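Have a look at run_18.txt below; it lists compact mmCIF, C-alpha atoms.
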# COMPACT_ATOMS: atom_id res chain seq x y z
CA SER A 6 -183.16 -50.14 -79.84
CA HIS A 7 -179.95 -48.48 -81.05
CA LYS A 8 -180.00 -50.33 -84.39
CA PHE A 9 -183.69 -50.66 -85.29
CA PRO A 10 -186.55 -48.11 -84.92
CA ILE A 11 -188.16 -50.14 -82.14
CA VAL A 12 -189.47 -49.10 -78.72
CA ALA A 13 -190.13 -51.69 -76.00
CA ALA A 14 -192.83 -51.27 -73.35
CA GLY A 15 -193.25 -53.38 -70.20
CA CYS A 16 -196.69 -53.73 -68.61
CA MET A 17 -198.21 -54.51 -65.23
CA ASP A 18 -199.56 -57.84 -66.50
CA GLY A 19 -196.02 -59.01 -67.21
CA SER A 20 -196.22 -58.56 -70.98
CA VAL A 21 -193.59 -56.90 -73.18
CA HIS A 22 -194.69 -55.15 -76.37
CA LEU A 23 -192.44 -54.04 -79.22
CA VAL A 24 -193.53 -51.08 -81.31
CA ALA A 25 -191.99 -49.88 -84.57
CA TYR A 26 -191.89 -46.17 -85.30
CA GLY A 27 -191.23 -44.35 -88.55
CA ARG A 28 -192.72 -42.31 -91.35
CA GLY A 29 -195.93 -43.63 -92.87
CA LEU A 30 -196.53 -46.27 -90.18
CA GLY A 31 -199.75 -46.96 -88.27
CA GLU A 32 -202.40 -44.28 -88.60
CA ALA A 33 -200.04 -41.95 -90.45
CA GLN A 34 -201.70 -41.38 -93.82
CA GLN A 35 -198.67 -39.89 -95.55
CA ALA A 36 -195.16 -41.16 -95.99
CA THR A 37 -193.83 -37.94 -94.48
CA THR A 38 -195.84 -38.33 -91.26
CA MET A 39 -194.41 -40.16 -88.26
CA GLY A 40 -196.43 -43.10 -86.95
CA VAL A 41 -196.17 -46.27 -84.87
CA GLN A 42 -197.13 -49.91 -85.37
CA LEU A 43 -197.24 -52.89 -83.05
CA LEU A 44 -194.68 -55.45 -84.17
CA LYS A 45 -195.46 -59.07 -84.86
CA LEU A 46 -192.63 -61.38 -83.81
CA VAL A 47 -191.28 -64.38 -85.70
CA ASP A 48 -189.02 -67.09 -84.24
CA ALA A 49 -185.76 -67.13 -86.23
CA SER A 50 -185.27 -70.89 -85.71
CA THR A 51 -188.75 -72.02 -86.83
CA ASN A 52 -190.14 -69.04 -88.75
CA ASN A 53 -193.31 -69.42 -86.67
CA PRO A 54 -195.10 -66.52 -85.00
CA ILE A 55 -194.15 -65.87 -81.38
CA PRO A 56 -197.02 -65.28 -78.96
CA ILE A 57 -196.88 -62.23 -76.74
CA LEU A 58 -193.69 -61.98 -74.66
CA LYS A 59 -194.74 -62.37 -71.05
CA HIS A 60 -193.54 -62.89 -67.48
CA THR A 61 -195.76 -64.19 -64.69
CA LYS A 62 -195.56 -60.89 -62.76
CA TYR A 63 -195.23 -57.21 -63.63
CA ILE A 64 -192.22 -55.84 -65.50
CA LYS A 65 -189.57 -54.10 -63.39
CA ASN A 66 -186.95 -53.15 -66.01
CA LEU A 67 -186.21 -53.10 -69.73
CA ALA A 68 -182.72 -52.69 -71.20
CA TRP A 69 -181.22 -52.68 -74.70
CA ASN A 70 -177.56 -53.28 -75.35
CA GLN A 71 -175.92 -50.76 -77.66
CA ALA A 72 -174.53 -53.11 -80.31
CA THR A 73 -174.23 -51.48 -83.73
CA ASP A 74 -172.55 -54.21 -85.79
CA GLU A 75 -174.43 -57.15 -84.28
CA PRO A 76 -178.15 -57.81 -83.63
CA PRO A 77 -179.29 -55.89 -80.55
CA ILE A 78 -180.48 -57.70 -77.43
CA LEU A 79 -183.48 -56.67 -75.34
CA ALA A 80 -183.62 -57.79 -71.71
CA SER A 81 -186.81 -57.66 -69.65
CA SER A 82 -186.85 -58.35 -65.91
CA SER A 83 -189.82 -58.99 -63.68
CA ALA A 84 -190.99 -59.17 -60.10
CA ASP A 85 -191.15 -62.95 -60.66
CA GLY A 86 -187.32 -63.07 -60.56
CA THR A 87 -186.77 -63.86 -64.22
CA VAL A 88 -184.91 -62.11 -67.02
CA GLN A 89 -186.01 -62.86 -70.58
CA LEU A 90 -183.62 -62.11 -73.44
CA TYR A 91 -184.52 -61.45 -77.05
CA LYS A 92 -182.06 -60.93 -79.92
CA ILE A 93 -183.61 -58.88 -82.74
CA VAL A 94 -182.14 -60.32 -85.94
CA SER A 95 -184.03 -58.31 -88.54
CA MET A 96 -187.05 -56.10 -89.10
CA ASN A 97 -189.43 -56.07 -92.05
CA ASP A 98 -191.51 -52.93 -92.31
CA ASN A 99 -193.44 -53.92 -95.46
CA ASN A 100 -197.18 -53.85 -94.90
CA ASP A 101 -199.58 -56.53 -96.11
CA ASN A 102 -202.42 -54.65 -97.76
CA ASN A 103 -204.60 -57.80 -97.71
CA ASN A 104 -204.55 -58.00 -93.95
CA ASP A 105 -207.74 -56.60 -92.40
CA ASP A 106 -206.44 -56.94 -88.86
CA ASP A 107 -206.05 -53.66 -87.01
CA CYS A 108 -202.58 -54.76 -85.91
CA THR A 109 -199.55 -54.07 -88.02
CA THR A 110 -198.03 -56.60 -90.39
CA THR A 111 -194.58 -55.22 -89.71
CA THR A 112 -192.51 -58.09 -88.33
CA ALA A 113 -189.31 -58.60 -86.38
CA THR A 114 -187.33 -61.84 -86.51
CA VAL A 115 -186.24 -62.78 -83.00
CA ILE A 116 -183.92 -65.33 -81.39
CA LEU A 117 -185.17 -66.27 -77.92
CA LEU A 118 -182.16 -66.64 -75.62
CA PRO A 119 -182.19 -68.73 -72.41
CA THR A 120 -184.20 -67.22 -69.55
CA LEU A 121 -182.30 -66.27 -66.40
CA HIS A 122 -183.92 -67.39 -63.13
CA LEU A 123 -182.99 -65.41 -60.01
CA SER A 124 -184.00 -65.83 -56.38
CA ASN A 125 -185.98 -62.59 -55.95
CA PRO A 126 -187.36 -59.63 -57.93
CA ILE A 127 -184.84 -57.78 -60.09
CA GLU A 128 -184.80 -54.19 -58.85
CA SER A 129 -182.44 -52.69 -61.45
CA MET A 130 -180.70 -53.75 -64.62
CA CYS A 131 -178.53 -52.43 -67.46
CA PHE A 132 -176.06 -53.48 -70.11
CA LEU A 133 -172.52 -52.20 -69.74
CA GLY A 134 -171.24 -49.95 -72.51
CA ALA A 135 -168.24 -49.77 -74.84
CA GLN A 136 -166.42 -53.11 -75.17
CA GLN A 137 -168.66 -54.77 -72.56
CA GLN A 138 -171.98 -54.26 -74.31
CA TYR A 139 -172.88 -57.97 -74.00
CA LYS A 140 -172.50 -57.96 -70.22
CA LEU A 141 -175.79 -57.61 -68.37
CA VAL A 142 -175.63 -56.26 -64.81
CA LEU A 143 -178.53 -56.52 -62.40
CA TYR A 144 -179.39 -56.21 -58.73
CA VAL A 145 -181.63 -58.83 -57.16
CA ARG A 146 -183.58 -57.82 -54.05
CA ASP A 147 -182.01 -58.96 -50.75
CA THR A 148 -178.64 -59.87 -52.27
CA VAL A 149 -175.29 -58.35 -51.29
CA TYR A 150 -173.84 -58.10 -54.78
CA LEU A 151 -174.49 -57.09 -58.35
CA SER A 152 -174.93 -60.06 -60.70
CA VAL A 153 -173.05 -59.92 -64.01
CA PHE A 154 -173.94 -62.19 -66.94
CA ASP A 155 -171.75 -62.41 -70.05
CA LEU A 156 -174.12 -63.13 -72.95
CA LEU A 157 -171.28 -63.85 -75.39
CA GLU A 158 -170.37 -67.02 -73.55
CA ASP A 159 -171.77 -70.29 -74.94
CA GLU A 160 -172.92 -71.08 -71.43
CA VAL A 161 -174.11 -67.96 -69.64
CA LYS A 162 -172.32 -67.73 -66.30
CA GLN A 163 -172.85 -65.43 -63.37
CA SER A 164 -170.11 -63.38 -61.72
CA LYS A 165 -170.59 -61.10 -58.72
CA ILE A 166 -169.59 -57.59 -57.68
CA TYR A 167 -169.91 -57.35 -53.91
CA LEU A 168 -171.38 -54.12 -52.59
CA ASN A 169 -169.60 -54.06 -49.21
CA GLN A 170 -166.11 -53.88 -50.66
CA ASP A 171 -164.65 -51.82 -47.83
CA SER A 172 -166.15 -53.90 -45.03
CA THR A 173 -164.02 -55.62 -42.44
CA GLY A 174 -164.75 -58.23 -39.81
CA GLY A 175 -166.85 -60.50 -42.04
CA PHE A 176 -169.68 -58.07 -42.82
CA GLN A 177 -169.50 -58.57 -46.59
CA ASP A 178 -172.54 -60.86 -46.40
CA HIS A 179 -174.87 -58.06 -45.32
CA VAL A 180 -175.88 -54.76 -46.88
CA SER A 181 -178.39 -52.25 -45.55
CA PHE A 182 -179.52 -50.89 -48.91
CA ALA A 183 -180.96 -51.87 -52.28
CA VAL A 184 -179.73 -50.72 -55.69
CA LEU A 185 -182.73 -49.26 -57.51
CA GLN A 186 -181.06 -48.00 -60.68
CA LEU A 187 -177.94 -48.98 -62.62
CA LEU A 188 -176.54 -46.79 -65.39
CA PRO A 189 -173.28 -46.99 -67.39
CA SER A 190 -171.35 -43.81 -68.13
CA PRO A 191 -171.37 -42.49 -71.73
CA ASN A 192 -167.87 -43.85 -72.40
CA GLY A 193 -168.68 -47.21 -70.77
CA LYS A 194 -165.83 -47.00 -68.26
CA TYR A 195 -167.96 -46.52 -65.15
CA LEU A 196 -171.19 -47.78 -63.66
CA ALA A 197 -173.42 -45.68 -61.39
CA ALA A 198 -175.66 -47.34 -58.81
CA ALA A 199 -178.47 -45.37 -57.13
CA THR A 200 -179.41 -46.79 -53.72
CA ASP A 201 -182.22 -46.30 -51.22
CA SER A 202 -179.76 -45.23 -48.50
CA SER A 203 -179.00 -41.66 -49.64
CA ARG A 204 -175.92 -42.89 -51.47
CA ASN A 205 -174.97 -43.14 -55.13
CA ILE A 206 -172.03 -45.40 -55.92
CA ILE A 207 -169.62 -45.09 -58.85
CA LEU A 208 -167.86 -48.31 -59.86
CA ASP A 209 -165.17 -49.16 -62.38
CA ALA A 210 -167.17 -51.06 -65.03
CA LYS A 211 -164.29 -53.40 -65.87
CA THR A 212 -163.05 -54.34 -62.41
CA GLY A 213 -166.17 -53.66 -60.32
CA LYS A 214 -164.14 -51.62 -57.83
CA GLN A 215 -165.98 -48.82 -56.05
CA ILE A 216 -164.19 -45.55 -56.81
CA ARG A 217 -166.60 -42.89 -55.53
CA ASN A 218 -169.51 -42.52 -53.09
CA LEU A 219 -171.83 -39.57 -53.63
CA TYR A 220 -173.80 -38.15 -50.69
CA GLY A 221 -175.68 -34.95 -49.85
CA HIS A 222 -179.20 -35.93 -50.89
CA LYS A 223 -181.89 -38.10 -49.32
CA ASN A 224 -183.43 -41.26 -50.75
CA ASP A 225 -184.64 -43.98 -48.39
CA CYS A 226 -186.54 -47.25 -48.80
CA TYR A 227 -189.77 -45.35 -49.57
CA SER A 228 -188.23 -43.34 -52.40
CA THR A 229 -187.52 -43.94 -56.07
CA PRO A 230 -183.94 -42.78 -56.68
CA LYS A 231 -183.14 -41.83 -60.28
CA ILE A 232 -179.85 -40.81 -61.87
CA ALA A 233 -178.40 -39.64 -65.19
CA TRP A 234 -174.90 -38.93 -66.48
CA SER A 235 -173.80 -35.73 -68.16
CA GLN A 236 -172.67 -36.32 -71.74
CA ASN A 237 -169.00 -35.81 -70.84
CA GLY A 238 -169.23 -38.25 -67.92
CA GLN A 239 -167.87 -35.73 -65.41
CA TYR A 240 -171.15 -35.22 -63.54
CA LEU A 241 -173.97 -37.31 -62.15
CA ILE A 242 -177.48 -35.88 -61.82
CA GLY A 243 -180.01 -37.29 -59.37
CA ASN A 244 -183.31 -36.63 -57.65
CA ASN A 245 -184.10 -36.12 -53.98
CA GLN A 246 -186.83 -37.51 -51.78
CA ASP A 247 -187.64 -34.45 -49.68
CA ASP A 248 -187.79 -31.72 -52.32
CA PRO A 249 -188.15 -31.31 -56.10
CA SER A 250 -184.52 -30.33 -56.62
CA LEU A 251 -182.10 -31.95 -59.01
CA TYR A 252 -178.70 -32.60 -57.44
CA ILE A 253 -175.56 -32.46 -59.59
CA TRP A 254 -172.38 -34.13 -58.35
CA ASP A 255 -168.87 -33.60 -59.65
CA ILE A 256 -167.53 -37.16 -59.89
CA ALA A 257 -163.89 -36.19 -59.30
CA SER A 258 -164.50 -34.30 -56.05
CA THR A 259 -167.75 -36.11 -55.01
CA ASN A 260 -169.22 -32.68 -54.16
CA VAL A 261 -172.71 -31.44 -54.95
CA VAL A 262 -171.85 -28.55 -57.25
CA LYS A 263 -175.36 -27.41 -58.14
CA LYS A 264 -178.98 -27.80 -57.08
CA LEU A 265 -181.74 -27.03 -59.56
CA ASP A 266 -184.97 -26.21 -57.71
CA ASP A 267 -188.24 -24.50 -58.59
CA LYS A 268 -186.60 -21.09 -58.11
CA SER A 269 -184.11 -21.87 -60.87
CA GLY A 270 -186.71 -23.10 -63.34
CA GLY A 271 -187.05 -26.59 -61.91
CA HIS A 272 -190.05 -28.63 -60.86
CA ALA A 273 -192.58 -27.82 -58.15
CA GLY A 274 -193.03 -31.51 -57.28
CA GLN A 275 -190.67 -34.41 -56.69
CA VAL A 276 -188.79 -35.57 -59.77
CA ARG A 277 -190.07 -38.97 -60.79
CA ASP A 278 -187.61 -39.81 -63.57
CA LEU A 279 -184.80 -38.28 -65.64
CA PHE A 280 -182.92 -39.11 -68.82
CA SER A 281 -179.72 -37.67 -70.25
CA SER A 282 -179.02 -38.01 -73.96
CA PRO A 283 -175.67 -39.66 -74.77
CA ASN A 284 -175.54 -37.69 -78.02
CA SER A 285 -176.14 -34.13 -76.80
CA ASP A 286 -176.13 -31.98 -73.68
CA THR A 287 -179.86 -32.54 -73.18
CA LEU A 288 -181.52 -33.66 -69.95
CA VAL A 289 -185.22 -34.55 -69.71
CA THR A 290 -186.99 -34.70 -66.34
CA THR A 291 -190.55 -35.58 -65.41
CA SER A 292 -192.23 -34.82 -62.11
CA TYR A 293 -195.24 -35.43 -59.91
CA ASP A 294 -196.15 -31.81 -60.67
CA LYS A 295 -197.42 -33.20 -64.03
CA THR A 296 -194.76 -31.45 -66.09
CA THR A 297 -191.83 -32.62 -68.19
CA LYS A 298 -188.88 -30.28 -68.61
CA ILE A 299 -186.03 -30.28 -71.13
CA TRP A 300 -182.71 -28.87 -69.95
CA LEU A 301 -179.62 -27.94 -71.90
CA GLN A 302 -176.73 -28.91 -69.65
CA ALA A 303 -174.03 -26.27 -69.36
CA MET A 304 -171.40 -28.84 -68.43
Here is the file; what I need is its structure written in the form of structure tokens.
Amino acid sequence: SHKFPIVAAGCMDGSVHLVAYGRGLGEAQQATTMGVQLLKLVDASTNNPIPILKHTKYIKNLAWNQATDEPPILASSSADGTVQLYKIVSMNDNNDNNNDDDCTTTTATVILLPTLHLSNPIESMCFLGAQQQYKLVLYVRDTVYLSVFDLLEDEVKQSKIYLNQDSTGGFQDHVSFAVLQLLPSPNGKYLAAATDSSRNIILDAKTGKQIRNLYGHKNDCYSTPKIAWSQNGQYLIGNNQDDPSLYIWDIASTNVVKKLDDKSGGHAGQVRDLFSSPNSDTLVTTSYDKTTKIWLQAM
């Protein structure tokens, strides 16, 4: 969460757990030591405890919106085709010394928003940034569009961004790829979509228009494409199926301007995931070679 010191974790049994982190929490014996505690959830409308948050199938994605002045929203999506939405209203980190339970007494007050029911598993999901931070974008398996839900509306409605925008002859109703990651740019103006067809797509976040297609790597239906933005939004970083290299695209030219492989300090195994900090020129990558690397981006 951007507003509260909370981390969300999705599990294979379909459950979602919220964990508070901070000094003096959990097993930390001193106020200066960082620790973690499992949060107990309270329904804001009834003040009753909320049982564990759970879908009927395993969790596919978790996403926080980046609201700073309003309560943040957590979205969890599952292979069962549902998206559950939780608005975190407040957090109480006072411990109850009379509680002998091993679990924390730290609580979060939550508003449960209406569940979204989709036709198939949700493969990717994110909130848009900047002025569209209450718009949730997701890709549902075997659809030809991105689904957009505006959570500020009294009645949540779905709009669509079709993925075959340049097609002619009536082929808009078919696509030959799936979108496996969605990621807004640091300034919120653009949306990157990583596909399983060796293609990363850059869209205008406001209009949904495709403005760039990035090629030069390989990711097919057996791969797990991952992407990250540089802090300045001028570059996109992604993995590759056939080798452990990181590919860096210049958005303006669509060219691959750099490849970071094991000879340049990179991984010896395929990159499994990557994350770029929006607050600094720091990139974190993790690999099947059982290492995690931290990069300082010279961009």
request  = For A:Lys140, list every protein, DNA or RNA residue within 10 Å, evaluated using all atoms listed in the file, and leave out those in the same chain fewer than 2 positions away; present the list as a PyMOL selection string.
outcome  = chain A and resi 70+131-134+136-138+142-143+153-158
query = Within 7 Å of A:Thr287, counting all atoms listed in the file, which residues qualify if same-chain residues fewer than 2 places away don't, as a ChimeraX atom specification?
reply = /A:281-282,285,289,299-302
9 Å contact set for A:Asp247, all atoms listed in the file, chain neighbours under 4 positions out, as an MDAnalysis selection string = chainID A and resid 222:224 275
Residues near A:Tyr26, cut-off 8 Å, only C-alpha atoms, skip fewer than 5 positions along chain, as a ChimeraX atom specification = /A:10-12,39-42
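In this comparison, which uses all atoms listed in the file, the residue of A:Thr112, A:Asn205, A:Gln71, A:Thr87 approaching A:Leu46 most closely is A:Thr112.
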task = Tell me which protein, DNA and RNA residues are within 8 Å of A:Lys231, counting all atoms listed in the file, leaving out same-chain ones fewer than 4 positions away, and put them as number ranges by chain.
result = A: 185-186, 199, 243-244, 277-279
Which residues of stretch 34-90 of chain A have any atom within 12 Å of an atom in stretch 16-25 of chain A when counting only C-alpha atoms, and what is the closest pair of atoms for each, with the distance in Å to one decimal? Order the rows by chain and rising number and write it as CSV.
residue,atom,partner,partner_atom,distance
A:Met39,CA,A:Ala25,CA,10.7
A:Gly40,CA,A:Ala25,CA,8.4
A:Val41,CA,A:Ala25,CA,5.5
A:Gln42,CA,A:Ala25,CA,5.2
A:Leu43,CA,A:Val24,CA,4.5
A:Leu44,CA,A:Val24,CA,5.3
A:Lys45,CA,A:Leu23,CA,8.1
A:Leu46,CA,A:Leu23,CA,8.7
A:Ile55,CA,A:His22,CA,11.8
A:Pro56,CA,A:Ser20,CA,10.5
A:Ile57,CA,A:Ser20,CA,6.9
A:Leu58,CA,A:Val21,CA,5.3
A:Lys59,CA,A:Ser20,CA,4.1
A:His60,CA,A:Gly19,CA,4.6
A:Thr61,CA,A:Gly19,CA,5.8
A:Lys62,CA,A:Gly19,CA,4.9
A:Tyr63,CA,A:Gly19,CA,4.1
A:Ile64,CA,A:Gly19,CA,5.2
A:Lys65,CA,A:Cys16,CA,8.8
A:Asn66,CA,A:Cys16,CA,10.1
A:Leu67,CA,A:Val21,CA,9.0
A:Ala68,CA,A:Val21,CA,11.8
A:Leu79,CA,A:Leu23,CA,10.1
A:Ala80,CA,A:Val21,CA,10.1
A:Ser81,CA,A:Val21,CA,7.7
A:Ser82,CA,A:Gly19,CA,9.3
A:Ser83,CA,A:Gly19,CA,7.1
A:Ala84,CA,A:Gly19,CA,8.7
A:Asp85,CA,A:Gly19,CA,9.1
A:Gly86,CA,A:Gly19,CA,11.7
A:Thr87,CA,A:Gly19,CA,10.9
A:Val88,CA,A:Gly19,CA,11.5
A:Gln89,CA,A:Val21,CA,10.0
A:Leu90,CA,A:Val21,CA,11.3
Taking all heavy atoms as the atom set, what does stretch 188-199 of chain A look like once completed, written as a PDB file, in the coordinates of the input?
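Done, and the output landed in part12.pdb:
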ATOM      1  N   LEU A 188    -176.684 -47.579 -64.166  1.00  0.00           N
ATOM      2  CA  LEU A 188    -176.540 -46.790 -65.390  1.00  0.00           C
ATOM      3  C   LEU A 188    -175.063 -46.679 -65.767  1.00  0.00           C
ATOM      4  O   LEU A 188    -174.262 -46.172 -64.983  1.00  0.00           O
ATOM      5  CB  LEU A 188    -177.129 -45.394 -65.188  1.00  0.00           C
ATOM      6  CG  LEU A 188    -177.379 -44.557 -66.428  1.00  0.00           C
ATOM      7  CD1 LEU A 188    -178.441 -45.198 -67.313  1.00  0.00           C
ATOM      8  CD2 LEU A 188    -177.828 -43.157 -66.026  1.00  0.00           C
ATOM      9  N   PRO A 189    -174.670 -47.139 -66.967  1.00  0.00           N
ATOM     10  CA  PRO A 189    -173.280 -46.990 -67.390  1.00  0.00           C
ATOM     11  C   PRO A 189    -172.989 -45.557 -67.810  1.00  0.00           C
ATOM     12  O   PRO A 189    -173.889 -44.832 -68.271  1.00  0.00           O
ATOM     13  CB  PRO A 189    -173.162 -47.955 -68.571  1.00  0.00           C
ATOM     14  CG  PRO A 189    -174.541 -47.985 -69.149  1.00  0.00           C
ATOM     15  CD  PRO A 189    -175.475 -47.853 -67.974  1.00  0.00           C
ATOM     16  N   SER A 190    -171.744 -45.141 -67.683  1.00  0.00           N
ATOM     17  CA  SER A 190    -171.350 -43.810 -68.130  1.00  0.00           C
ATOM     18  C   SER A 190    -171.322 -43.769 -69.655  1.00  0.00           C
ATOM     19  O   SER A 190    -171.270 -44.811 -70.315  1.00  0.00           O
ATOM     20  CB  SER A 190    -169.970 -43.447 -67.575  1.00  0.00           C
ATOM     21  OG  SER A 190    -168.987 -44.341 -68.081  1.00  0.00           O
ATOM     22  N   PRO A 191    -171.360 -42.577 -70.264  1.00  0.00           N
ATOM     23  CA  PRO A 191    -171.370 -42.490 -71.730  1.00  0.00           C
ATOM     24  C   PRO A 191    -170.206 -43.178 -72.411  1.00  0.00           C
ATOM     25  O   PRO A 191    -170.361 -43.732 -73.505  1.00  0.00           O
ATOM     26  CB  PRO A 191    -171.345 -40.972 -71.975  1.00  0.00           C
ATOM     27  CG  PRO A 191    -172.004 -40.385 -70.765  1.00  0.00           C
ATOM     28  CD  PRO A 191    -171.562 -41.257 -69.631  1.00  0.00           C
ATOM     29  N   ASN A 192    -169.021 -43.187 -71.775  1.00  0.00           N
ATOM     30  CA  ASN A 192    -167.870 -43.850 -72.400  1.00  0.00           C
ATOM     31  C   ASN A 192    -167.749 -45.322 -71.990  1.00  0.00           C
ATOM     32  O   ASN A 192    -166.836 -46.012 -72.440  1.00  0.00           O
ATOM     33  CB  ASN A 192    -166.574 -43.118 -72.057  1.00  0.00           C
ATOM     34  CG  ASN A 192    -166.278 -43.089 -70.559  1.00  0.00           C
ATOM     35  OD1 ASN A 192    -166.924 -43.765 -69.764  1.00  0.00           O
ATOM     36  ND2 ASN A 192    -165.292 -42.293 -70.174  1.00  0.00           N
ATOM     37  N   GLY A 193    -168.667 -45.808 -71.158  1.00  0.00           N
ATOM     38  CA  GLY A 193    -168.680 -47.210 -70.770  1.00  0.00           C
ATOM     39  C   GLY A 193    -167.672 -47.606 -69.721  1.00  0.00           C
ATOM     40  O   GLY A 193    -167.606 -48.777 -69.334  1.00  0.00           O
ATOM     41  N   LYS A 194    -166.884 -46.654 -69.216  1.00  0.00           N
ATOM     42  CA  LYS A 194    -165.830 -47.000 -68.260  1.00  0.00           C
ATOM     43  C   LYS A 194    -166.345 -47.162 -66.835  1.00  0.00           C
ATOM     44  O   LYS A 194    -165.703 -47.838 -66.020  1.00  0.00           O
ATOM     45  CB  LYS A 194    -164.733 -45.935 -68.286  1.00  0.00           C
ATOM     46  CG  LYS A 194    -163.939 -45.892 -69.593  1.00  0.00           C
ATOM     47  CD  LYS A 194    -162.828 -44.855 -69.509  1.00  0.00           C
ATOM     48  CE  LYS A 194    -162.001 -44.835 -70.788  1.00  0.00           C
ATOM     49  NZ  LYS A 194    -160.902 -43.831 -70.717  1.00  0.00           N
ATOM     50  N   TYR A 195    -167.471 -46.534 -66.530  1.00  0.00           N
ATOM     51  CA  TYR A 195    -167.960 -46.520 -65.150  1.00  0.00           C
ATOM     52  C   TYR A 195    -169.417 -46.973 -65.099  1.00  0.00           C
ATOM     53  O   TYR A 195    -170.148 -46.942 -66.095  1.00  0.00           O
ATOM     54  CB  TYR A 195    -167.800 -45.131 -64.543  1.00  0.00           C
ATOM     55  CG  TYR A 195    -166.390 -44.608 -64.625  1.00  0.00           C
ATOM     56  CD1 TYR A 195    -166.050 -43.647 -65.568  1.00  0.00           C
ATOM     57  CD2 TYR A 195    -165.397 -45.110 -63.800  1.00  0.00           C
ATOM     58  CE1 TYR A 195    -164.737 -43.181 -65.674  1.00  0.00           C
ATOM     59  CE2 TYR A 195    -164.086 -44.658 -63.892  1.00  0.00           C
ATOM     60  CZ  TYR A 195    -163.770 -43.694 -64.835  1.00  0.00           C
ATOM     61  OH  TYR A 195    -162.476 -43.253 -64.943  1.00  0.00           O
ATOM     62  N   LEU A 196    -169.824 -47.367 -63.910  1.00  0.00           N
ATOM     63  CA  LEU A 196    -171.190 -47.780 -63.660  1.00  0.00           C
ATOM     64  C   LEU A 196    -171.683 -47.056 -62.420  1.00  0.00           C
ATOM     65  O   LEU A 196    -171.028 -47.082 -61.381  1.00  0.00           O
ATOM     66  CB  LEU A 196    -171.261 -49.300 -63.441  1.00  0.00           C
ATOM     67  CG  LEU A 196    -172.625 -49.888 -63.082  1.00  0.00           C
ATOM     68  CD1 LEU A 196    -173.596 -49.740 -64.243  1.00  0.00           C
ATOM     69  CD2 LEU A 196    -172.475 -51.356 -62.684  1.00  0.00           C
ATOM     70  N   ALA A 197    -172.830 -46.386 -62.534  1.00  0.00           N
ATOM     71  CA  ALA A 197    -173.420 -45.680 -61.390  1.00  0.00           C
ATOM     72  C   ALA A 197    -174.562 -46.522 -60.828  1.00  0.00           C
ATOM     73  O   ALA A 197    -175.364 -47.091 -61.576  1.00  0.00           O
ATOM     74  CB  ALA A 197    -173.928 -44.308 -61.815  1.00  0.00           C
ATOM     75  N   ALA A 198    -174.610 -46.594 -59.500  1.00  0.00           N
ATOM     76  CA  ALA A 198    -175.660 -47.340 -58.810  1.00  0.00           C
ATOM     77  C   ALA A 198    -176.367 -46.407 -57.835  1.00  0.00           C
ATOM     78  O   ALA A 198    -175.738 -45.863 -56.922  1.00  0.00           O
ATOM     79  CB  ALA A 198    -175.063 -48.535 -58.065  1.00  0.00           C
ATOM     80  N   ALA A 199    -177.669 -46.210 -58.030  1.00  0.00           N
ATOM     81  CA  ALA A 199    -178.470 -45.370 -57.130  1.00  0.00           C
ATOM     82  C   ALA A 199    -179.110 -46.263 -56.080  1.00  0.00           C
ATOM     83  O   ALA A 199    -179.789 -47.246 -56.421  1.00  0.00           O
ATOM     84  CB  ALA A 199    -179.529 -44.618 -57.917  1.00  0.00           C
TER      85      ALA A 199
END
